[in-house]
file query_28.json (JSON, C-alpha atoms and all ligand atoms)
[["chain", "number", "residue", "atom", "x", "y", "z"],
["M", 1, "MET", "CA", -42.40, 14.67, -7.39],
["M", 2, "THR", "CA", -39.10, 16.46, -6.76],
["M", 3, "ARG", "CA", -39.30, 19.42, -4.42],
["M", 4, "LEU", "CA", -40.18, 22.60, -6.28],
["M", 5, "ARG", "CA", -37.33, 25.08, -6.76],
["M", 6, "LEU", "CA", -38.61, 28.60, -7.37],
["M", 7, "GLY", "CA", -36.32, 31.48, -8.36],
["M", 8, "GLN", "CA", -36.54, 34.91, -6.76],
["M", 9, "ILE", "CA", -34.69, 37.94, -8.13],
["M", 10, "GLU", "CA", -32.76, 39.36, -5.18],
["M", 11, "TYR", "CA", -33.98, 42.92, -5.94],
["M", 12, "LEU", "CA", -36.87, 44.88, -4.50],
["M", 13, "ASN", "CA", -38.76, 44.51, -7.79],
["M", 14, "CYS", "CA", -39.68, 40.96, -6.74],
["M", 15, "LEU", "CA", -40.68, 41.78, -3.17],
["M", 16, "PRO", "CA", -44.39, 42.42, -3.89],
["M", 17, "VAL", "CA", -44.70, 38.96, -5.47],
["M", 18, "TYR", "CA", -42.77, 37.13, -2.72],
["M", 19, "TYR", "CA", -43.66, 39.16, 0.37],
["M", 20, "ALA", "CA", -46.52, 36.88, 1.44],
["M", 21, "LEU", "CA", -44.34, 33.80, 0.92],
["M", 22, "GLU", "CA", -41.40, 35.30, 2.83],
["M", 23, "GLU", "CA", -43.69, 36.34, 5.68],
["M", 24, "GLY", "CA", -45.37, 32.92, 5.82],
["M", 25, "LEU", "CA", -48.76, 34.45, 4.95],
["M", 26, "LEU", "CA", -49.08, 31.83, 2.20],
["M", 27, "PRO", "CA", -47.52, 28.38, 2.25],
["M", 28, "LEU", "CA", -44.94, 27.44, -0.37],
["M", 29, "ASP", "CA", -44.30, 23.75, -0.74],
["M", 30, "GLY", "CA", -40.83, 24.20, -2.16],
["M", 31, "GLU", "CA", -37.61, 26.15, -1.92],
["M", 32, "LEU", "CA", -36.93, 29.80, -2.80],
["M", 33, "VAL", "CA", -33.64, 30.33, -4.62],
["M", 34, "LYS", "CA", -32.42, 33.94, -4.69],
["M", 35, "GLY", "CA", -30.04, 35.50, -7.18],
["M", 36, "PRO", "CA", -29.48, 38.22, -9.76],
["M", 37, "PRO", "CA", -31.42, 37.83, -13.03],
["M", 38, "THR", "CA", -28.63, 36.38, -15.19],
["M", 39, "ARG", "CA", -27.83, 33.70, -12.60],
["M", 40, "LEU", "CA", -31.50, 32.68, -12.33],
["M", 41, "ASN", "CA", -31.78, 32.67, -16.13],
["M", 42, "ARG", "CA", -28.84, 30.29, -16.36],
["M", 43, "MET", "CA", -30.02, 28.02, -13.53],
["M", 44, "PHE", "CA", -33.46, 27.77, -15.12],
["M", 45, "PHE", "CA", -32.12, 26.65, -18.50],
["M", 46, "GLU", "CA", -29.68, 24.24, -16.85],
["M", 47, "GLY", "CA", -32.68, 22.58, -15.18],
["M", 48, "ASP", "CA", -31.75, 23.76, -11.69],
["M", 49, "LEU", "CA", -34.99, 25.73, -11.17],
["M", 50, "HIS", "CA", -38.52, 24.66, -12.10],
["M", 51, "CYS", "CA", -39.95, 28.15, -12.18],
["M", 52, "THR", "CA", -38.44, 31.62, -12.06],
["M", 53, "PRO", "CA", -38.80, 35.23, -13.07],
["M", 54, "LEU", "CA", -36.80, 35.23, -16.30],
["M", 55, "SER", "CA", -35.34, 38.17, -18.23],
["M", 56, "SER", "CA", -37.91, 38.70, -20.99],
["M", 57, "ILE", "CA", -35.27, 38.59, -23.75],
["M", 58, "GLU", "CA", -34.31, 35.08, -22.62],
["M", 59, "TYR", "CA", -37.86, 33.88, -23.17],
["M", 60, "ALA", "CA", -37.50, 34.94, -26.82],
["M", 61, "ARG", "CA", -34.37, 32.81, -27.12],
["M", 62, "HIS", "CA", -35.86, 29.71, -25.47],
["M", 63, "ALA", "CA", -39.64, 29.94, -25.98],
["M", 64, "GLY", "CA", -39.87, 26.22, -26.81],
["M", 65, "ASP", "CA", -38.49, 25.19, -23.40],
["M", 66, "CYS", "CA", -41.05, 26.84, -21.16],
["M", 67, "PHE", "CA", -44.51, 28.29, -20.56],
["M", 68, "ILE", "CA", -45.19, 31.80, -19.34],
["M", 69, "LEU", "CA", -47.31, 31.95, -16.19],
["M", 70, "PRO", "CA", -50.38, 34.12, -16.81],
["M", 71, "ARG", "CA", -51.02, 37.47, -15.11],
["M", 72, "LEU", "CA", -47.45, 38.14, -13.93],
["M", 73, "SER", "CA", -44.53, 40.17, -15.23],
["M", 74, "ILE", "CA", -42.16, 42.93, -14.15],
["M", 75, "THR", "CA", -43.11, 45.97, -16.21],
["M", 76, "SER", "CA", -43.10, 49.75, -16.20],
["M", 77, "ASP", "CA", -45.33, 52.15, -18.06],
["M", 78, "GLY", "CA", -42.67, 54.77, -18.67],
["M", 79, "ARG", "CA", -40.26, 55.61, -15.85],
["M", 80, "VAL", "CA", -39.09, 52.52, -13.94],
["M", 81, "ALA", "CA", -36.52, 54.02, -11.52],
["M", 82, "SER", "CA", -34.48, 50.79, -11.40],
["M", 83, "VAL", "CA", -33.13, 50.47, -14.95],
["M", 84, "LEU", "CA", -30.82, 53.46, -15.19],
["M", 85, "PHE", "CA", -28.05, 54.56, -17.49],
["M", 86, "PHE", "CA", -25.45, 56.86, -15.91],
["M", 87, "SER", "CA", -23.10, 58.79, -18.19],
["M", 88, "HIS", "CA", -20.43, 61.46, -18.19],
["M", 89, "LEU", "CA", -21.94, 63.02, -21.31],
["M", 90, "PRO", "CA", -25.49, 63.37, -22.63],
["M", 91, "VAL", "CA", -26.47, 60.08, -24.30],
["M", 92, "THR", "CA", -26.46, 61.62, -27.78],
["M", 93, "GLU", "CA", -22.80, 62.60, -27.37],
["M", 94, "LEU", "CA", -21.49, 59.09, -26.72],
["M", 95, "GLU", "CA", -20.65, 58.19, -30.34],
["M", 96, "GLY", "CA", -17.64, 55.84, -30.45],
["M", 97, "LYS", "CA", -17.40, 55.63, -26.63],
["M", 98, "ARG", "CA", -17.26, 52.57, -24.41],
["M", 99, "VAL", "CA", -20.16, 52.10, -22.00],
["M", 100, "CYS", "CA", -20.24, 49.50, -19.23],
["M", 101, "VAL", "CA", -23.26, 47.27, -18.69],
["M", 102, "THR", "CA", -23.97, 45.19, -15.60],
["M", 103, "THR", "CA", -23.47, 41.46, -15.98],
["M", 104, "ALA", "CA", -26.62, 40.98, -13.85],
["M", 105, "SER", "CA", -28.91, 41.98, -16.72],
["M", 106, "ALA", "CA", -30.00, 40.39, -19.98],
["M", 107, "THR", "CA", -33.13, 42.36, -21.00],
["M", 108, "SER", "CA", -31.97, 45.85, -20.06],
["M", 109, "VAL", "CA", -28.68, 45.43, -21.92],
["M", 110, "VAL", "CA", -30.68, 44.60, -25.05],
["M", 111, "LEU", "CA", -33.01, 47.53, -24.36],
["M", 112, "LEU", "CA", -30.01, 49.87, -24.13],
["M", 113, "ARG", "CA", -28.62, 48.46, -27.39],
["M", 114, "ILE", "CA", -31.95, 48.93, -29.17],
["M", 115, "LEU", "CA", -32.31, 52.49, -27.93],
["M", 116, "PHE", "CA", -28.79, 53.43, -29.05],
["M", 117, "GLU", "CA", -29.35, 51.88, -32.46],
["M", 118, "HIS", "CA", -32.95, 52.80, -33.28],
["M", 119, "TYR", "CA", -33.70, 55.87, -31.15],
["M", 120, "TYR", "CA", -30.48, 57.78, -30.54],
["M", 121, "HIS", "CA", -28.62, 56.53, -33.65],
["M", 122, "VAL", "CA", -25.40, 56.52, -31.68],
["M", 123, "GLU", "CA", -22.82, 53.76, -31.96],
["M", 124, "VAL", "CA", -21.17, 52.67, -28.71],
["M", 125, "GLU", "CA", -19.16, 49.71, -27.46],
["M", 126, "LEU", "CA", -21.04, 47.77, -24.75],
["M", 127, "TYR", "CA", -18.66, 46.39, -22.14],
["M", 128, "PRO", "CA", -20.10, 43.90, -19.59],
["M", 129, "VAL", "CA", -18.71, 44.22, -16.05],
["M", 130, "LYS", "CA", -19.77, 43.70, -12.44],
["M", 131, "ALA", "CA", -22.18, 46.33, -11.10],
["M", 132, "ASP", "CA", -20.18, 49.15, -9.49],
["M", 133, "LEU", "CA", -20.99, 52.68, -10.58],
["M", 134, "LYS", "CA", -17.66, 54.34, -9.86],
["M", 135, "ALA", "CA", -15.53, 51.52, -11.31],
["M", 136, "MET", "CA", -17.75, 51.46, -14.40],
["M", 137, "LEU", "CA", -17.42, 55.20, -14.93],
["M", 138, "GLU", "CA", -13.65, 54.87, -14.69],
["M", 139, "ILE", "CA", -13.47, 52.17, -17.38],
["M", 140, "GLY", "CA", -16.06, 53.78, -19.64],
["M", 141, "ASP", "CA", -18.18, 56.86, -20.25],
["M", 142, "GLY", "CA", -21.46, 55.25, -19.24],
["M", 143, "ALA", "CA", -22.84, 52.61, -16.89],
["M", 144, "LEU", "CA", -26.04, 50.58, -17.09],
["M", 145, "LEU", "CA", -27.28, 49.33, -13.73],
["M", 146, "ILE", "CA", -30.49, 47.54, -12.81],
["M", 147, "GLY", "CA", -32.48, 46.68, -9.72],
["M", 148, "ASP", "CA", -31.30, 47.73, -6.27],
["M", 149, "ASP", "CA", -27.84, 48.48, -7.71],
["M", 150, "ALA", "CA", -29.41, 51.18, -9.90],
["M", 151, "MET", "CA", -31.52, 52.63, -7.10],
["M", 152, "LEU", "CA", -28.60, 52.74, -4.66],
["M", 153, "ALA", "CA", -26.32, 54.27, -7.30],
["M", 154, "HIS", "CA", -28.96, 56.93, -7.96],
["M", 155, "GLN", "CA", -28.89, 57.85, -4.26],
["M", 156, "GLN", "CA", -25.08, 57.88, -4.33],
["M", 157, "VAL", "CA", -25.12, 60.33, -7.27],
["M", 158, "ILE", "CA", -27.52, 62.61, -5.40],
["M", 159, "GLY", "CA", -25.72, 62.23, -2.06],
["M", 160, "GLU", "CA", -22.23, 62.91, -3.41],
["M", 161, "GLY", "CA", -23.33, 65.42, -6.05],
["M", 162, "MET", "CA", -21.61, 63.37, -8.75],
["M", 163, "PRO", "CA", -21.66, 65.16, -12.12],
["M", 164, "VAL", "CA", -23.41, 62.46, -14.17],
["M", 165, "PHE", "CA", -26.45, 62.35, -16.42],
["M", 166, "ILE", "CA", -29.10, 59.78, -15.46],
["M", 167, "THR", "CA", -31.35, 58.28, -18.12],
["M", 168, "ASP", "CA", -34.32, 56.10, -17.16],
["M", 169, "LEU", "CA", -34.61, 53.46, -19.89],
["M", 170, "GLY", "CA", -38.28, 52.68, -19.16],
["M", 171, "GLN", "CA", -39.10, 56.32, -19.85],
["M", 172, "VAL", "CA", -37.02, 56.47, -23.03],
["M", 173, "TRP", "CA", -38.63, 53.27, -24.35],
["M", 174, "LYS", "CA", -42.06, 54.81, -23.71],
["M", 175, "ASP", "CA", -41.04, 58.05, -25.47],
["M", 176, "PHE", "CA", -39.76, 56.00, -28.41],
["M", 177, "THR", "CA", -42.53, 53.42, -28.86],
["M", 178, "GLY", "CA", -45.42, 54.65, -26.72],
["M", 179, "GLU", "CA", -45.39, 51.18, -25.08],
["M", 180, "LYS", "CA", -44.84, 49.74, -21.65],
["M", 181, "MET", "CA", -41.59, 47.84, -21.10],
["M", 182, "VAL", "CA", -41.75, 44.21, -19.93],
["M", 183, "TYR", "CA", -38.46, 43.31, -18.23],
["M", 184, "ALA", "CA", -39.23, 39.88, -16.82],
["M", 185, "LEU", "CA", -41.80, 37.08, -17.01],
["M", 186, "TRP", "CA", -42.46, 34.16, -14.70],
["M", 187, "VAL", "CA", -41.80, 30.97, -16.61],
["M", 188, "ILE", "CA", -42.05, 27.27, -15.83],
["M", 189, "ARG", "CA", -40.12, 24.48, -17.52],
["M", 190, "ARG", "CA", -42.21, 22.89, -20.21],
["M", 191, "GLU", "CA", -41.54, 19.27, -19.24],
["M", 192, "PHE", "CA", -42.32, 20.02, -15.59],
["M", 193, "ALA", "CA", -45.60, 21.76, -16.47],
["M", 194, "GLU", "CA", -46.67, 18.97, -18.79],
["M", 195, "ALA", "CA", -45.85, 16.32, -16.19],
["M", 196, "HIS", "CA", -47.49, 18.28, -13.32],
["M", 197, "PRO", "CA", -50.32, 20.38, -14.78],
["M", 198, "GLY", "CA", -52.26, 20.61, -11.49],
["M", 199, "GLU", "CA", -49.21, 21.83, -9.56],
["M", 200, "THR", "CA", -48.39, 24.31, -12.33],
["M", 201, "THR", "CA", -51.86, 25.85, -12.23],
["M", 202, "ALA", "CA", -51.72, 25.93, -8.43],
["M", 203, "LEU", "CA", -48.30, 27.64, -8.49],
["M", 204, "ALA", "CA", -49.53, 30.27, -10.96],
["M", 205, "GLU", "CA", -52.49, 30.94, -8.64],
["M", 206, "LEU", "CA", -50.25, 31.04, -5.58],
["M", 207, "LEU", "CA", -47.87, 33.61, -7.11],
["M", 208, "TYR", "CA", -50.75, 35.75, -8.30],
["M", 209, "HIS", "CA", -52.44, 35.57, -4.91],
["M", 210, "SER", "CA", -49.13, 36.33, -3.20],
["M", 211, "ARG", "CA", -48.70, 39.43, -5.37],
["M", 212, "GLU", "CA", -52.23, 40.57, -4.46],
["M", 213, "ILE", "CA", -51.37, 40.24, -0.77],
["M", 214, "GLY", "CA", -48.02, 42.02, -1.27],
["M", 215, "MET", "CA", -49.55, 44.95, -3.13],
["M", 216, "GLY", "CA", -52.34, 45.07, -0.55],
["M", 217, "ASN", "CA", -49.76, 45.51, 2.23],
["M", 218, "LEU", "CA", -47.63, 48.29, 0.79],
["M", 219, "PRO", "CA", -46.89, 50.13, 4.06],
["M", 220, "ALA", "CA", -45.42, 46.98, 5.69],
["M", 221, "LEU", "CA", -43.71, 45.96, 2.47],
["M", 222, "ILE", "CA", -42.10, 49.40, 2.12],
["M", 223, "LYS", "CA", -40.78, 49.19, 5.69],
["M", 224, "LYS", "CA", -39.28, 45.80, 4.91],
["M", 225, "ALA", "CA", -37.73, 47.18, 1.71],
["M", 226, "HIS", "CA", -36.27, 50.08, 3.72],
["M", 227, "ARG", "CA", -34.74, 47.71, 6.30],
["M", 228, "ARG", "CA", -33.33, 45.56, 3.52],
["M", 229, "THR", "CA", -31.71, 48.30, 1.42],
["M", 230, "GLY", "CA", -31.59, 51.52, 3.44],
["M", 231, "LEU", "CA", -33.23, 53.36, 0.53],
["M", 232, "PRO", "CA", -35.27, 56.42, 1.64],
["M", 233, "LEU", "CA", -38.95, 55.77, 2.30],
["M", 234, "PRO", "CA", -40.22, 58.30, -0.32],
["M", 235, "VAL", "CA", -38.06, 56.61, -2.98],
["M", 236, "LEU", "CA", -39.57, 53.25, -2.06],
["M", 237, "GLU", "CA", -43.11, 54.61, -1.98],
["M", 238, "ASP", "CA", -42.61, 56.00, -5.47],
["M", 239, "TYR", "CA", -41.06, 52.75, -6.71],
["M", 240, "PHE", "CA", -43.84, 50.44, -5.60],
["M", 241, "HIS", "CA", -46.37, 52.76, -7.19],
["M", 242, "ILE", "CA", -44.71, 52.76, -10.61],
["M", 243, "ILE", "CA", -43.58, 49.14, -10.99],
["M", 244, "ARG", "CA", -46.26, 46.91, -12.59],
["M", 245, "TYR", "CA", -46.88, 43.17, -12.45],
["M", 246, "ASP", "CA", -49.72, 42.43, -14.88],
["M", 247, "PHE", "CA", -49.45, 40.61, -18.17],
["M", 248, "ASP", "CA", -52.60, 41.26, -20.14],
["M", 249, "GLY", "CA", -53.15, 42.60, -23.68],
["M", 250, "ASP", "CA", -51.21, 45.88, -23.51],
["M", 251, "TYR", "CA", -48.29, 44.18, -21.83],
["M", 252, "ARG", "CA", -48.14, 41.44, -24.44],
["M", 253, "ARG", "CA", -48.26, 43.92, -27.30],
["M", 254, "ALA", "CA", -45.46, 45.90, -25.63],
["M", 255, "LEU", "CA", -43.36, 42.76, -25.21],
["M", 256, "LEU", "CA", -43.84, 41.79, -28.86],
["M", 257, "THR", "CA", -42.77, 45.32, -29.88],
["M", 258, "PHE", "CA", -39.58, 44.85, -27.86],
["M", 259, "TYR", "CA", -39.01, 41.48, -29.56],
["M", 260, "ASP", "CA", -39.56, 43.07, -32.97],
["M", 261, "TYR", "CA", -36.76, 45.53, -32.31],
["M", 262, "ALA", "CA", -34.53, 42.77, -30.95],
["M", 263, "TYR", "CA", -35.19, 40.87, -34.18],
["M", 264, "LYS", "CA", -34.44, 43.93, -36.33],
["M", 265, "SER", "CA", -31.15, 44.37, -34.49],
["M", 266, "GLY", "CA", -30.19, 40.73, -35.08],
["M", 267, "ILE", "CA", -30.33, 39.93, -31.35],
["M", 268, "ILE", "CA", -32.93, 37.18, -31.74],
["M", 269, "GLU", "CA", -33.21, 34.95, -34.76],
["M", 270, "GLU", "CA", -36.94, 34.64, -35.21],
["M", 271, "ARG", "CA", -40.14, 36.37, -34.25],
["M", 272, "VAL", "CA", -41.59, 35.00, -31.03],
["M", 273, "ARG", "CA", -44.91, 33.44, -30.05],
["M", 274, "LEU", "CA", -46.00, 33.76, -26.44],
["M", 275, "SER", "CA", -47.14, 30.46, -25.00],
["M", 276, "VAL", "CA", -48.95, 31.17, -21.78],
["M", 277, "TRP", "CA", -49.88, 28.36, -19.41],
["M", 278, "GLY", "CA", -53.61, 27.64, -19.43],
["M", 279, "GLU", "CA", -54.30, 29.50, -22.67],
["M", 280, "ASP", "CA", -55.12, 27.43, -25.72],
["M", 281, "LYS", "CA", -53.96, 29.74, -28.42],
["M", 282, "CYS", "CA", -50.57, 31.33, -28.72],
["M", 283, "GLN", "CA", -50.54, 35.09, -29.18],
["M", 284, "ARG", "CA", -50.06, 36.15, -32.80],
["Y", 1, "LIG", "C1", -37.11, 46.46, -13.61],
["Y", 1, "LIG", "C2", -36.14, 45.59, -13.53],
["Y", 1, "LIG", "O1", -36.31, 44.49, -14.25],
["Y", 1, "LIG", "C3", -35.43, 43.46, -14.42],
["Y", 1, "LIG", "C4", -34.46, 43.48, -15.43],
["Y", 1, "LIG", "C5", -33.95, 42.31, -15.90],
["Y", 1, "LIG", "C6", -32.90, 42.31, -16.97],
["Y", 1, "LIG", "O2", -32.45, 43.39, -17.35],
["Y", 1, "LIG", "O3", -32.54, 41.22, -17.46],
["Y", 1, "LIG", "C7", -34.38, 41.08, -15.37],
["Y", 1, "LIG", "C8", -35.26, 41.04, -14.34],
["Y", 1, "LIG", "C9", -35.67, 42.25, -13.63],
["Y", 1, "LIG", "O4", -34.89, 42.40, -12.46],
["Y", 1, "LIG", "C10", -34.98, 45.80, -12.64],
["Y", 1, "LIG", "O5", -34.05, 44.98, -12.55],
["Y", 1, "LIG", "O6", -34.97, 46.81, -11.95]]
call {"tool": "encode", "arguments": {"input": "query_28.json", "output": "structure tokens"}}
result
Amino acid sequence: MTRLRLGQIEYLNCLPVYYALEEGLLPLDGELVKGPPTRLNRMFFEGDLHCTPLSSIEYARHAGDCFILPRLSITSDGRVASVLFFSHLPVTELEGKRVCVTTASATSVVLLRILFEHYYHVEVELYPVKADLKAMLEIGDGALLIGDDAMLAHQQVIGEGMPVFITDLGQVWKDFTGEKMVYALWVIRREFAEAHPGETTALAELLYHSREIGMGNLPALIKKAHRRTGLPLPVLEDYFHIIRYDFDGDYRRALLTFYDYAYKSGIIEERVRLSVWGEDKCQR
């Protein structure tokens, strides 16, 4: 069997799932490949990764090529703190304006589009560029950032007293739909899983177990996150208490609600079935 290549989003949101692997508390027989979400998405579909956290919208576009690993996702129930929209004006006053969106994101860009269309009823031009708050706010009137980029930009706004509005998209999605927001899922390539079912089940168990260890070691994990990013400890404590990693009934319903809106907006072409490794029946 070829050596397993496992993606790891280079943001703090993945640290609880990978902490035990990074610290050698659990053995990984394979290679960790780090990158921003859109790079991992692309590598996965090009066959360069066997398994990765994938932007949830990309699963909807390629459901036939992969299985979802059970019991894992990146989700928030309301405020997420790392998917933030910064703007010169209140969001409802952005009609006809250009807003920049980070090229690192797939799901959150779609979330922003859905919220403008179905919740705010405001038409804007989305303009993809590299993550850089100040440059983005020079080119446009708004900036979508995700992950550590969003959290660091939030601190920059506070630190420099920048006059910008900050909108947390996890919170707005919850206000709009009453649902959680599932940003990413762990997926495995279908042909790999079918050829190596034992290894696939073992990998799903390993990642779940690793997450349990990570979440069980929050004080050490928070220190590591602080060393890695310089973000203030209270910000990190808050973050690791709000970010969620489960993928049971509520989460699946929330994800399907997101897909329904993506379908209504013409972003995906058909309604999606969730095929989860180890579960006989597809959802819905
Ligand atoms: C909560 C987050 O979720 C993520 C957002 C993603 C996206 O927008 O495509 C992909 C993976 C996650 O990193 C975050 O980035 O902060």
call {"tool": "closest_residue", "arguments": {"input": "query_28.json", "among": "M:Arg61, M:Arg98, M:Arg113, M:His50", "to": "Glu191 of chain M", "atoms": "only C-alpha atoms"}}
result
M:His50
call {"tool": "residues_near_ligand", "arguments": {"input": "query_28.json", "ligand": "ligand LIG 1 (chain Y)", "cutoff": "9 Å", "atoms": "only C-alpha atoms and all ligand atoms", "output": "PDB file with C-alpha atoms, in the coordinates of the input"}}
result
ATOM      1  CA  ILE M   9     -34.690  37.940  -8.130  1.00  0.00           C
ATOM      2  CA  GLU M  10     -32.760  39.360  -5.180  1.00  0.00           C
ATOM      3  CA  TYR M  11     -33.980  42.920  -5.940  1.00  0.00           C
ATOM      4  CA  LEU M  12     -36.870  44.880  -4.500  1.00  0.00           C
ATOM      5  CA  ASN M  13     -38.760  44.510  -7.790  1.00  0.00           C
ATOM      6  CA  CYS M  14     -39.680  40.960  -6.740  1.00  0.00           C
ATOM      7  CA  PRO M  36     -29.480  38.220  -9.760  1.00  0.00           C
ATOM      8  CA  PRO M  37     -31.420  37.830 -13.030  1.00  0.00           C
ATOM      9  CA  THR M  38     -28.630  36.380 -15.190  1.00  0.00           C
ATOM     10  CA  ASN M  41     -31.780  32.670 -16.130  1.00  0.00           C
ATOM     11  CA  PRO M  53     -38.800  35.230 -13.070  1.00  0.00           C
ATOM     12  CA  LEU M  54     -36.800  35.230 -16.300  1.00  0.00           C
ATOM     13  CA  SER M  55     -35.340  38.170 -18.230  1.00  0.00           C
ATOM     14  CA  SER M  56     -37.910  38.700 -20.990  1.00  0.00           C
ATOM     15  CA  ILE M  57     -35.270  38.590 -23.750  1.00  0.00           C
ATOM     16  CA  GLU M  58     -34.310  35.080 -22.620  1.00  0.00           C
ATOM     17  CA  ILE M  74     -42.160  42.930 -14.150  1.00  0.00           C
ATOM     18  CA  THR M  75     -43.110  45.970 -16.210  1.00  0.00           C
ATOM     19  CA  SER M  76     -43.100  49.750 -16.200  1.00  0.00           C
ATOM     20  CA  VAL M  80     -39.090  52.520 -13.940  1.00  0.00           C
ATOM     21  CA  ALA M  81     -36.520  54.020 -11.520  1.00  0.00           C
ATOM     22  CA  SER M  82     -34.480  50.790 -11.400  1.00  0.00           C
ATOM     23  CA  VAL M  83     -33.130  50.470 -14.950  1.00  0.00           C
ATOM     24  CA  LEU M  84     -30.820  53.460 -15.190  1.00  0.00           C
ATOM     25  CA  THR M 102     -23.970  45.190 -15.600  1.00  0.00           C
ATOM     26  CA  ALA M 104     -26.620  40.980 -13.850  1.00  0.00           C
ATOM     27  CA  SER M 105     -28.910  41.980 -16.720  1.00  0.00           C
ATOM     28  CA  ALA M 106     -30.000  40.390 -19.980  1.00  0.00           C
ATOM     29  CA  THR M 107     -33.130  42.360 -21.000  1.00  0.00           C
ATOM     30  CA  SER M 108     -31.970  45.850 -20.060  1.00  0.00           C
ATOM     31  CA  VAL M 109     -28.680  45.430 -21.920  1.00  0.00           C
ATOM     32  CA  VAL M 110     -30.680  44.600 -25.050  1.00  0.00           C
ATOM     33  CA  LEU M 111     -33.010  47.530 -24.360  1.00  0.00           C
ATOM     34  CA  LEU M 145     -27.280  49.330 -13.730  1.00  0.00           C
ATOM     35  CA  ILE M 146     -30.490  47.540 -12.810  1.00  0.00           C
ATOM     36  CA  GLY M 147     -32.480  46.680  -9.720  1.00  0.00           C
ATOM     37  CA  ASP M 148     -31.300  47.730  -6.270  1.00  0.00           C
ATOM     38  CA  ASP M 149     -27.840  48.480  -7.710  1.00  0.00           C
ATOM     39  CA  ALA M 150     -29.410  51.180  -9.900  1.00  0.00           C
ATOM     40  CA  MET M 151     -31.520  52.630  -7.100  1.00  0.00           C
ATOM     41  CA  GLY M 170     -38.280  52.680 -19.160  1.00  0.00           C
ATOM     42  CA  MET M 181     -41.590  47.840 -21.100  1.00  0.00           C
ATOM     43  CA  VAL M 182     -41.750  44.210 -19.930  1.00  0.00           C
ATOM     44  CA  TYR M 183     -38.460  43.310 -18.230  1.00  0.00           C
ATOM     45  CA  ALA M 184     -39.230  39.880 -16.820  1.00  0.00           C
ATOM     46  CA  LEU M 185     -41.800  37.080 -17.010  1.00  0.00           C
ATOM     47  CA  ILE M 243     -43.580  49.140 -10.990  1.00  0.00           C
TER      48      ILE M 243
END
call {"tool": "residues_around", "arguments": {"input": "query_28.json", "residues": "Leu206 of chain M", "least_positions_apart": "2", "cutoff": "10 Å", "atoms": "all atoms listed in the file", "output": "MDAnalysis selection string"}}
result
chainID M and resid 17 20:21 26:28 200:204 208:212
call {"tool": "closest_residue", "arguments": {"input": "query_28.json", "among": "M:Ala262, M:Val101, M:Leu72, M:Val33", "to": "Tyr245 of chain M", "atoms": "all atoms listed in the file"}}
result
M:Leu72
call {"tool": "residues_around", "arguments": {"input": "query_28.json", "residues": "Val276 of chain M", "least_positions_apart": "6", "cutoff": "12 Å", "atoms": "all atoms listed in the file", "output": "PDB file with C-alpha atoms, keeping the file's coordinate frame"}}
result
ATOM      1  CA  TYR M  59     -37.860  33.880 -23.170  1.00  0.00           C
ATOM      2  CA  ALA M  63     -39.640  29.940 -25.980  1.00  0.00           C
ATOM      3  CA  GLY M  64     -39.870  26.220 -26.810  1.00  0.00           C
ATOM      4  CA  CYS M  66     -41.050  26.840 -21.160  1.00  0.00           C
ATOM      5  CA  PHE M  67     -44.510  28.290 -20.560  1.00  0.00           C
ATOM      6  CA  ILE M  68     -45.190  31.800 -19.340  1.00  0.00           C
ATOM      7  CA  LEU M  69     -47.310  31.950 -16.190  1.00  0.00           C
ATOM      8  CA  PRO M  70     -50.380  34.120 -16.810  1.00  0.00           C
ATOM      9  CA  ARG M  71     -51.020  37.470 -15.110  1.00  0.00           C
ATOM     10  CA  LEU M  72     -47.450  38.140 -13.930  1.00  0.00           C
ATOM     11  CA  SER M  73     -44.530  40.170 -15.230  1.00  0.00           C
ATOM     12  CA  LEU M 185     -41.800  37.080 -17.010  1.00  0.00           C
ATOM     13  CA  TRP M 186     -42.460  34.160 -14.700  1.00  0.00           C
ATOM     14  CA  VAL M 187     -41.800  30.970 -16.610  1.00  0.00           C
ATOM     15  CA  ILE M 188     -42.050  27.270 -15.830  1.00  0.00           C
ATOM     16  CA  ARG M 189     -40.120  24.480 -17.520  1.00  0.00           C
ATOM     17  CA  ARG M 190     -42.210  22.890 -20.210  1.00  0.00           C
ATOM     18  CA  ALA M 193     -45.600  21.760 -16.470  1.00  0.00           C
ATOM     19  CA  THR M 200     -48.390  24.310 -12.330  1.00  0.00           C
ATOM     20  CA  THR M 201     -51.860  25.850 -12.230  1.00  0.00           C
ATOM     21  CA  ALA M 204     -49.530  30.270 -10.960  1.00  0.00           C
ATOM     22  CA  PHE M 247     -49.450  40.610 -18.170  1.00  0.00           C
ATOM     23  CA  ASP M 248     -52.600  41.260 -20.140  1.00  0.00           C
ATOM     24  CA  ARG M 252     -48.140  41.440 -24.440  1.00  0.00           C
ATOM     25  CA  CYS M 282     -50.570  31.330 -28.720  1.00  0.00           C
ATOM     26  CA  GLN M 283     -50.540  35.090 -29.180  1.00  0.00           C
TER      27      GLN M 283
END
